[in-house]
file protein-v1.txt (compact mmCIF, C-alpha atoms)
# COMPACT_ATOMS: atom_id res chain seq x y z
CA MET Q 1 1.78 -20.31 -4.27
CA PHE Q 2 -1.16 -19.45 -2.02
CA HIS Q 3 -3.82 -21.29 -3.99
CA THR Q 4 -1.68 -24.44 -4.33
CA ARG Q 5 -0.82 -24.67 -0.64
CA LEU Q 6 -4.35 -24.03 0.54
CA SER Q 7 -5.90 -26.33 -2.05
CA LEU Q 8 -3.51 -29.14 -1.13
CA ALA Q 9 -4.18 -28.74 2.58
CA LEU Q 10 -7.96 -28.79 2.06
CA ARG Q 11 -7.89 -31.63 -0.49
CA ASP Q 12 -5.73 -33.86 1.66
CA GLY Q 13 -7.80 -33.21 4.75
CA ALA Q 14 -4.88 -31.69 6.61
CA VAL Q 15 -7.09 -28.76 7.53
CA SER Q 16 -10.85 -28.27 7.32
CA LEU Q 17 -12.79 -25.06 7.56
CA PRO Q 18 -15.82 -24.98 9.86
CA GLN Q 19 -18.92 -26.21 8.07
CA ASP Q 20 -20.84 -23.01 8.68
CA GLY Q 21 -20.21 -19.37 9.42
CA PRO Q 22 -18.37 -16.50 7.77
CA VAL Q 23 -14.68 -16.64 6.89
CA LEU Q 24 -12.43 -13.58 6.92
CA VAL Q 25 -9.60 -13.25 4.37
CA ILE Q 26 -7.04 -10.59 5.27
CA GLY Q 27 -4.79 -8.91 2.72
CA PRO Q 28 -5.02 -11.00 -0.45
CA GLY Q 29 -3.38 -9.44 -3.48
CA ALA Q 30 -5.09 -9.39 -6.84
CA GLY Q 31 -2.86 -12.30 -7.86
CA HIS Q 32 -4.19 -14.62 -5.17
CA ASP Q 33 -6.70 -17.28 -6.14
CA LEU Q 34 -9.41 -17.68 -3.52
CA SER Q 35 -11.34 -20.36 -5.41
CA ALA Q 36 -10.57 -23.00 -2.76
CA LEU Q 37 -12.61 -20.99 -0.26
CA PRO Q 38 -16.43 -20.72 -0.06
CA LYS Q 39 -17.09 -17.41 -1.82
CA ASP Q 40 -20.57 -16.98 -0.35
CA ARG Q 41 -19.08 -17.08 3.17
CA LEU Q 42 -16.07 -14.84 2.56
CA THR Q 43 -15.36 -11.29 3.66
CA VAL Q 44 -12.20 -9.93 2.04
CA TYR Q 45 -10.29 -7.17 3.81
CA SER Q 46 -7.99 -5.02 1.70
CA ARG Q 47 -6.43 -1.66 2.52
CA PHE Q 48 -4.75 -1.36 -0.92
CA PHE Q 49 -7.10 0.24 -3.43
CA PRO Q 50 -6.23 -1.76 -6.59
CA ASP Q 51 -6.63 -5.06 -4.70
CA HIS Q 52 -9.80 -3.86 -3.00
CA ALA Q 53 -11.27 -2.88 -6.38
CA HIS Q 54 -10.21 -6.22 -7.87
CA TRP Q 55 -12.11 -8.31 -5.31
CA ALA Q 56 -15.14 -6.04 -5.26
CA SER Q 57 -15.41 -6.18 -9.06
CA ARG Q 58 -15.48 -9.97 -8.87
CA GLY Q 59 -18.42 -10.04 -6.53
CA PHE Q 60 -16.63 -10.69 -3.24
CA LYS Q 61 -17.85 -8.98 -0.10
CA THR Q 62 -14.97 -6.57 0.37
CA VAL Q 63 -14.26 -4.27 3.31
CA SER Q 64 -11.61 -1.63 4.01
CA THR Q 65 -11.82 -1.77 7.82
CA LEU Q 66 -10.78 -4.89 9.71
CA PRO Q 67 -13.75 -6.55 11.44
CA ASP Q 68 -13.19 -7.41 15.08
CA SER Q 69 -15.66 -10.26 15.63
CA GLY Q 70 -18.17 -12.63 14.11
CA PHE Q 71 -16.04 -15.08 12.08
CA THR Q 72 -15.58 -18.83 12.42
CA ALA Q 73 -12.20 -18.86 10.65
CA ALA Q 74 -9.73 -16.47 9.09
CA VAL Q 75 -7.06 -16.62 6.40
CA VAL Q 76 -4.13 -14.20 6.62
CA CYS Q 77 -2.00 -13.52 3.53
CA ALA Q 78 1.30 -12.55 5.12
CA PRO Q 79 2.73 -9.23 3.91
CA ARG Q 80 6.42 -8.32 3.79
CA SER Q 81 6.18 -6.17 6.91
CA LYS Q 82 6.57 -8.31 10.04
CA PRO Q 83 4.78 -5.80 12.30
CA LEU Q 84 1.87 -5.74 9.87
CA ALA Q 85 1.80 -9.54 9.59
CA GLN Q 86 1.69 -9.79 13.37
CA ALA Q 87 -1.05 -7.17 13.56
CA TRP Q 88 -3.11 -9.10 11.02
CA VAL Q 89 -2.67 -12.36 12.95
CA GLU Q 90 -3.84 -10.59 16.10
CA ALA Q 91 -6.84 -9.15 14.24
CA ALA Q 92 -7.69 -12.58 12.80
CA THR Q 93 -7.47 -14.17 16.25
CA ARG Q 94 -9.73 -11.50 17.70
CA ALA Q 95 -12.23 -11.75 14.83
CA THR Q 96 -12.52 -15.52 15.31
CA ASP Q 97 -12.51 -15.35 19.13
CA GLY Q 98 -9.43 -17.56 19.25
CA GLY Q 99 -10.66 -19.84 16.49
CA LEU Q 100 -8.99 -21.28 13.40
CA VAL Q 101 -6.49 -19.02 11.64
CA LEU Q 102 -4.60 -19.98 8.49
CA LEU Q 103 -1.46 -17.98 7.71
CA ASP Q 104 0.14 -18.19 4.28
CA GLY Q 105 3.40 -16.60 3.21
CA GLN Q 106 6.62 -16.86 1.29
CA LYS Q 107 9.98 -17.52 2.91
CA THR Q 108 11.25 -14.26 1.45
CA ASP Q 109 8.47 -12.46 3.33
CA GLY Q 110 9.44 -13.95 6.69
CA ILE Q 111 6.97 -16.81 7.11
CA ASP Q 112 9.57 -18.92 8.96
CA SER Q 113 10.08 -16.21 11.54
CA LEU Q 114 6.33 -15.90 12.02
CA LEU Q 115 5.98 -19.67 12.39
CA LYS Q 116 8.68 -19.69 15.06
CA ALA Q 117 6.78 -17.05 17.02
CA ILE Q 118 3.43 -18.79 16.55
CA ARG Q 119 4.82 -22.03 17.97
CA LYS Q 120 5.38 -20.14 21.23
CA THR Q 121 2.04 -18.33 21.36
CA ALA Q 122 -0.60 -20.58 19.77
CA ASN Q 123 -1.88 -24.12 19.46
CA LEU Q 124 -0.16 -25.09 16.20
CA LEU Q 125 -2.36 -27.50 14.26
CA GLY Q 126 -0.29 -28.04 11.13
CA THR Q 127 1.97 -26.71 8.41
CA LEU Q 128 2.43 -27.27 4.70
CA SER Q 129 5.58 -26.25 2.82
CA LYS Q 130 5.49 -25.74 -0.93
CA ALA Q 131 6.71 -23.30 -3.59
CA HIS Q 132 9.19 -21.52 -1.30
CA GLY Q 133 6.53 -20.78 1.27
CA LYS Q 134 4.39 -22.21 4.03
CA LEU Q 135 0.75 -22.51 5.00
CA VAL Q 136 0.38 -22.58 8.78
CA TRP Q 137 -2.82 -23.17 10.72
CA PHE Q 138 -3.47 -22.78 14.43
CA ASP Q 139 -5.98 -21.70 17.05
CA ARG Q 140 -6.05 -20.34 20.61
CA ALA Q 141 -3.30 -17.84 19.83
CA ASP Q 142 -2.22 -15.55 22.65
CA VAL Q 143 -1.10 -12.61 20.53
CA THR Q 144 -2.67 -9.57 22.15
CA ASP Q 145 0.76 -7.93 22.20
CA TRP Q 146 0.85 -8.20 18.37
CA ALA Q 147 -1.93 -5.65 17.94
CA ALA Q 148 -1.14 -2.72 15.68
CA THR Q 149 0.19 0.36 17.46
CA ASP Q 150 1.05 3.82 16.19
CA THR Q 151 4.64 4.95 15.72
CA HIS Q 152 5.44 8.56 16.53
CA LEU Q 153 8.31 10.09 14.54
CA ASP Q 154 10.30 13.26 15.04
CA GLY Q 155 8.33 16.26 13.86
CA GLY Q 156 5.07 14.99 15.32
CA PHE Q 157 4.28 12.54 12.51
CA THR Q 158 2.30 9.34 13.11
CA THR Q 159 2.69 6.10 11.15
CA ARG Q 160 1.26 2.59 11.42
CA PRO Q 161 2.51 -0.92 10.59
CA GLY Q 162 2.96 -1.69 6.92
CA VAL Q 163 2.88 1.85 5.53
CA PHE Q 164 5.82 2.95 3.40
CA SER Q 165 8.61 4.44 5.52
CA ALA Q 166 6.83 3.58 8.76
CA ASP Q 167 10.00 3.83 10.87
CA GLY Q 168 11.28 7.17 9.64
CA ILE Q 169 11.17 9.85 6.98
CA ASP Q 170 12.06 8.47 3.55
CA LYS Q 171 15.37 9.84 2.26
CA GLY Q 172 13.96 10.65 -1.16
CA SER Q 173 11.01 12.51 0.30
CA ALA Q 174 13.38 14.48 2.53
CA VAL Q 175 15.40 15.53 -0.54
CA LEU Q 176 12.27 16.73 -2.34
CA ALA Q 177 10.93 18.54 0.72
CA ALA Q 178 14.23 20.40 1.17
CA ALA Q 179 14.33 21.54 -2.46
CA MET Q 180 10.63 22.03 -3.10
CA PRO Q 181 10.12 25.17 -5.20
CA ASP Q 182 8.70 28.11 -3.27
CA SER Q 183 6.66 29.03 -6.32
CA ILE Q 184 4.27 26.11 -5.93
CA SER Q 185 0.76 27.52 -5.99
CA GLY Q 186 -2.81 26.91 -7.10
CA ARG Q 187 -4.38 23.47 -7.25
CA VAL Q 188 -1.80 20.89 -6.20
CA ALA Q 189 -1.77 17.09 -5.93
CA ASP Q 190 0.60 14.69 -4.21
CA LEU Q 191 0.60 11.38 -6.09
CA GLY Q 192 1.36 8.51 -3.74
CA ALA Q 193 1.08 10.79 -0.74
CA GLY Q 194 1.79 8.11 1.86
CA TRP Q 195 1.44 9.31 5.43
CA GLY Q 196 1.64 12.96 4.42
CA TYR Q 197 5.24 14.09 4.85
CA LEU Q 198 5.51 15.86 1.48
CA ALA Q 199 1.99 17.25 1.79
CA HIS Q 200 2.94 18.81 5.10
CA HIS Q 201 5.72 20.72 3.34
CA VAL Q 202 3.61 21.66 0.32
CA LEU Q 203 1.07 23.34 2.58
CA GLN Q 204 3.74 25.65 3.96
CA ARG Q 205 3.49 27.50 0.62
CA PRO Q 206 0.80 30.17 1.03
CA GLY Q 207 0.06 30.22 -2.69
CA VAL Q 208 -1.37 26.68 -2.56
CA THR Q 209 -5.15 26.91 -2.70
CA THR Q 210 -5.98 23.20 -2.51
CA LEU Q 211 -3.96 20.01 -2.08
CA ASP Q 212 -5.24 16.54 -2.94
CA LEU Q 213 -3.40 13.68 -1.22
CA ILE Q 214 -3.84 10.72 -3.56
CA GLU Q 215 -2.86 7.38 -2.03
CA ALA Q 216 -3.69 3.70 -2.59
CA ASP Q 217 -2.90 2.52 0.97
CA LEU Q 218 -5.87 3.46 3.12
CA VAL Q 219 -3.95 3.05 6.38
CA ALA Q 220 -1.27 5.45 5.13
CA LEU Q 221 -4.01 7.89 4.15
CA ASP Q 222 -5.54 7.61 7.63
CA CYS Q 223 -2.11 8.53 9.03
CA ALA Q 224 -1.96 11.48 6.63
CA LYS Q 225 -5.23 12.77 8.07
CA LEU Q 226 -3.50 12.88 11.46
CA ASN Q 227 -0.33 14.45 10.08
CA VAL Q 228 -1.87 17.08 7.80
CA ASP Q 229 -4.25 19.38 9.61
CA ASP Q 230 -5.11 22.00 7.02
CA PRO Q 231 -8.49 22.89 5.50
CA ARG Q 232 -6.90 23.08 2.05
CA ALA Q 233 -6.14 19.34 2.12
CA SER Q 234 -8.37 16.60 0.71
CA PHE Q 235 -7.68 12.88 1.06
CA ILE Q 236 -8.42 10.58 -1.86
CA TRP Q 237 -8.16 6.78 -1.58
CA THR Q 238 -7.58 5.56 -5.13
CA ASP Q 239 -5.04 4.27 -7.63
CA ALA Q 240 -2.86 7.23 -8.61
CA THR Q 241 -2.13 5.69 -12.00
CA GLN Q 242 -5.84 5.61 -12.88
CA TYR Q 243 -7.33 8.62 -11.11
CA ARG Q 244 -8.41 11.68 -13.06
CA PRO Q 245 -9.65 14.81 -11.25
CA ALA Q 246 -12.76 16.78 -12.18
CA GLN Q 247 -10.49 19.83 -12.66
CA PRO Q 248 -6.83 19.69 -13.70
CA TYR Q 249 -4.01 20.55 -11.33
CA ASP Q 250 -1.51 23.38 -11.61
CA VAL Q 251 1.26 21.42 -9.88
CA ILE Q 252 1.79 17.76 -9.05
CA ILE Q 253 4.53 16.44 -6.79
CA SER Q 254 5.48 12.83 -6.24
CA ASN Q 255 7.89 10.37 -4.73
CA PRO Q 256 6.54 7.45 -6.76
CA PRO Q 257 6.93 3.82 -5.69
CA PHE Q 258 9.26 1.61 -7.68
CA HIS Q 259 8.74 -1.84 -6.18
CA THR Q 260 6.20 -4.59 -6.76
CA GLY Q 261 6.73 -6.75 -3.71
CA ARG Q 262 10.50 -7.17 -3.46
CA ALA Q 263 11.15 -6.70 -7.17
CA GLY Q 264 12.13 -3.31 -8.55
CA ASP Q 265 9.69 -2.10 -11.19
CA PRO Q 266 10.44 1.23 -12.89
CA ASN Q 267 7.17 0.91 -14.78
CA LEU Q 268 5.36 2.02 -11.64
CA GLY Q 269 7.19 5.34 -11.72
CA ARG Q 270 6.58 5.65 -15.45
CA ALA Q 271 2.85 5.11 -14.83
CA PHE Q 272 2.90 7.91 -12.25
CA ILE Q 273 4.58 10.23 -14.77
CA ARG Q 274 1.98 9.48 -17.44
CA SER Q 275 -0.83 9.92 -14.95
CA ALA Q 276 0.57 13.26 -13.79
CA ALA Q 277 0.75 14.51 -17.37
CA ALA Q 278 -2.90 13.58 -17.86
CA MET Q 279 -3.98 15.46 -14.72
CA LEU Q 280 -2.22 18.79 -15.28
CA THR Q 281 -3.31 22.03 -16.93
CA PRO Q 282 -1.64 22.83 -20.29
CA SER Q 283 0.98 24.92 -18.47
CA GLY Q 284 1.15 22.63 -15.43
CA ARG Q 285 4.27 21.41 -13.69
CA PHE Q 286 5.29 18.00 -12.34
CA VAL Q 287 8.08 17.67 -9.76
CA MET Q 288 9.33 14.25 -8.67
CA VAL Q 289 12.19 12.62 -6.77
CA ALA Q 290 13.70 9.31 -7.80
CA ASN Q 291 16.70 7.12 -7.11
CA ARG Q 292 19.59 8.03 -9.39
CA HIS Q 293 19.56 4.69 -11.19
CA LEU Q 294 15.91 4.79 -12.25
CA PRO Q 295 15.41 5.55 -15.98
CA TYR Q 296 12.61 8.10 -15.98
CA GLU Q 297 13.99 10.84 -18.24
CA ASP Q 298 12.76 9.31 -21.50
CA THR Q 299 9.22 8.97 -20.17
CA LEU Q 300 9.27 12.55 -18.92
CA ALA Q 301 10.44 13.72 -22.35
CA GLU Q 302 7.58 11.82 -23.98
CA GLN Q 303 4.99 13.39 -21.69
CA PHE Q 304 6.26 16.96 -21.21
CA GLY Q 305 7.45 19.75 -23.46
CA THR Q 306 10.22 20.78 -21.07
CA VAL Q 307 12.18 18.49 -18.76
CA GLU Q 308 14.88 19.55 -16.35
CA GLU Q 309 16.84 18.19 -13.42
CA LEU Q 310 16.57 20.41 -10.37
CA GLY Q 311 19.49 18.86 -8.51
CA GLY Q 312 19.45 16.33 -5.73
CA THR Q 313 22.02 14.21 -3.89
CA PRO Q 314 24.38 11.38 -4.87
CA GLY Q 315 21.53 8.93 -4.28
CA PHE Q 316 18.53 10.89 -5.55
CA LYS Q 317 17.62 13.16 -8.44
CA LEU Q 318 14.94 15.82 -8.61
CA LEU Q 319 13.19 15.99 -11.97
CA SER Q 320 10.64 18.43 -13.33
CA GLY Q 321 8.32 18.29 -16.31
CA ILE Q 322 6.49 21.38 -17.58
CA LYS Q 323 3.72 21.75 -20.18
CA PRO Q 324 2.35 18.23 -20.56
CA ARG Q 325 1.95 17.02 -24.10
CA ARG Q 326 -1.31 15.29 -23.12
CA THR Q 327 -3.41 16.99 -20.49
CA ARG Q 328 -6.55 14.85 -20.67
CA ARG Q 329 -7.37 11.25 -21.44
call {"tool": "encode", "arguments": {"input": "protein-v1.txt", "output": "structure tokens"}}
result
Amino acid sequence: MFHTRLSLALRDGAVSLPQDGPVLVIGPGAGHDLSALPKDRLTVYSRFFPDHAHWASRGFKTVSTLPDSGFTAAVVCAPRSKPLAQAWVEAATRATDGGLVLLDGQKTDGIDSLLKAIRKTANLLGTLSKAHGKLVWFDRADVTDWAATDTHLDGGFTTRPGVFSADGIDKGSAVLAAAMPDSISGRVADLGAGWGYLAHHVLQRPGVTTLDLIEADLVALDCAKLNVDDPRASFIWTDATQYRPAQPYDVIISNPPFHTGRAGDPNLGRAFIRSAAAMLTPSGRFVMVANRHLPYEDTLAEQFGTVEELGGTPGFKLLSGIKPRRTRR
């Protein structure tokens, strides 16, 4: 994994960090081990709230906006999204003024494709293959055309590399938007709001007094601020499974995530259901969309007095829970 590859490369002298100066680490997950790097010289960039909170709680200098200069070296933890990985490499190259960049990633996340491109655009200094992945290091990369750019979708929506459903409207969200109850009103929240597609539709209901867009990906939330121009909307960067509002909501909607990396994980959706139940008023309502195969009905029944299916499509189901059994935690 990341720590093994980097540790081996540093131990064997295959690559050496500059003796002095700050080092930028881009996109490490909470599972990464950064102990091979000089903690007192590190700046960790994370756009994902749980990871950001993890590094900050452990005393790392942690930022949520990518720096654009001032570093002697950078480490990029390659994400699944190729456009995002390329954007991070470009940002690392810019932040180091063409200096040393180390790129680590798994084969399943496309590290071989990135290496092939880097061979054509940078001075490749070395590679290390281990544990189904590669550590690649290089300098003098000419990757200005890899910089992050906005994508403009039909309907006037803006997305950016790496956000969920960056290339088009998610099918599940479209199903929920089309069948969203007209009766939605009062204080409303969108758990896992993404770039704001569902929120846009919620705010077409005049009975909605406020809408909180709750999202862990800060870049997605920045897109939502562009896509949702309504004074009733508030944008909250946090972990939806942990957040609790000062006042409970009347209605919560959600298209919850169900993947951890490439692996399906229904427990994420279950955590969203439990969190929704804890955030609602005693008579509050939760409306969610999910893939047909995901087993959420039992968790809904545990958390709500009334559960019903509102319909859907062959691929997606719309589920509703009313009167949460636990409204506060």
call {"tool": "closest_atom_pairs", "arguments": {"input": "protein-v1.txt", "of": "stretch 101-210 of chain Q", "to": "stretch 269-292 of chain Q", "cutoff": "8 Å", "atoms": "all atoms listed in the file", "output": "Markdown table"}}
result
| residue | atom | partner | partner_atom | distance |
| --- | --- | --- | --- | --- |
| Q:Gly172 | CA | Q:Val289 | CA | 6.2 |
| Q:Ser173 | CA | Q:Val289 | CA | 7.2 |
| Q:Val175 | CA | Q:Val289 | CA | 7.6 |
| Q:Leu176 | CA | Q:Val289 | CA | 6.0 |
| Q:Leu191 | CA | Q:Phe272 | CA | 7.4 |
call {"tool": "atom_distance", "arguments": {"input": "protein-v1.txt", "atom1": "atom CA of Q:Val63", "atom2": "atom CA of Q:Arg140"}}
result
25.0 Å
call {"tool": "closest_residue", "arguments": {"input": "protein-v1.txt", "among": "Q:Arg5, Q:Lys225, Q:Arg205, Q:Lys61", "to": "Q:Thr127", "atoms": "only C-alpha atoms"}}
result
Q:Arg5
call {"tool": "residues_around", "arguments": {"input": "protein-v1.txt", "residues": "Q:Gly155", "least_positions_apart": "4", "cutoff": "12 Å", "atoms": "only C-alpha atoms", "output": "PyMOL selection string"}}
result
chain Q and resi 159+168-169+197+200-201+227-228
call {"tool": "closest_residue", "arguments": {"input": "protein-v1.txt", "among": "Q:Leu226, Q:Leu300, Q:Ala189, Q:Ala74", "to": "Q:Thr96", "atoms": "all atoms listed in the file"}}
result
Q:Ala74
call {"tool": "residues_near_point", "arguments": {"input": "protein-v1.txt", "point": "(9.3, 8.4, 15.0)", "cutoff": "12 Å", "atoms": "all atoms listed in the file", "output": "list in words"}}
result
Asp150, Thr151, His152, Leu153, Asp154, Gly155, Gly156, Phe157, Thr158, Thr159, Arg160, Ser165, Ala166, Asp167, Gly168, Ile169 and Asp170 of chain Q
call {"tool": "closest_atom_pairs", "arguments": {"input": "protein-v1.txt", "of": "stretch 208-308 of chain Q", "to": "stretch 39-53 of chain Q", "cutoff": "12 Å", "atoms": "all atoms listed in the file", "output": "tab-separated table"}}
result
residue	atom	partner	partner_atom	distance
Q:Ile214	CA	Q:Phe49	CA	11.0
Q:Glu215	CA	Q:Phe49	CA	8.4
Q:Ala216	CA	Q:Phe49	CA	4.9
Q:Asp217	CA	Q:Phe48	CA	4.7
Q:Leu218	CA	Q:Arg47	CA	5.2
Q:Val219	CA	Q:Arg47	CA	6.6
Q:Ala220	CA	Q:Arg47	CA	9.2
Q:Leu221	CA	Q:Arg47	CA	10.0
Q:Asp222	CA	Q:Arg47	CA	10.6
Q:Ile236	CA	Q:Phe49	CA	10.5
Q:Trp237	CA	Q:Phe49	CA	6.9
Q:Thr238	CA	Q:Phe49	CA	5.6
Q:Asp239	CA	Q:Phe49	CA	6.2
Q:Ala240	CA	Q:Phe49	CA	9.7
Q:Thr241	CA	Q:Pro50	CA	10.1
Q:Gln242	CA	Q:Pro50	CA	9.7
Q:Tyr243	CA	Q:Phe49	CA	11.4
call {"tool": "residues_around", "arguments": {"input": "protein-v1.txt", "residues": "Q:Leu213", "least_positions_apart": "3", "cutoff": "6 Å", "atoms": "all atoms listed in the file", "output": "ChimeraX atom specification"}}
result
/Q:190,193,235-236
call {"tool": "atom_distance", "arguments": {"input": "protein-v1.txt", "atom1": "atom CA of Q:Glu297", "atom2": "atom CA of Q:Arg187"}}
result
24.9 Å
call {"tool": "closest_residue", "arguments": {"input": "protein-v1.txt", "among": "Q:Pro181, Q:Gly59, Q:Gly98, Q:Gly305", "to": "Q:Asp142", "atoms": "all atoms listed in the file"}}
result
Q:Gly98
call {"tool": "closest_residue", "arguments": {"input": "protein-v1.txt", "among": "Q:Val136, Q:Leu100, Q:Val25, Q:Thr144", "to": "Q:Pro67", "atoms": "all atoms listed in the file"}}
result
Q:Val25
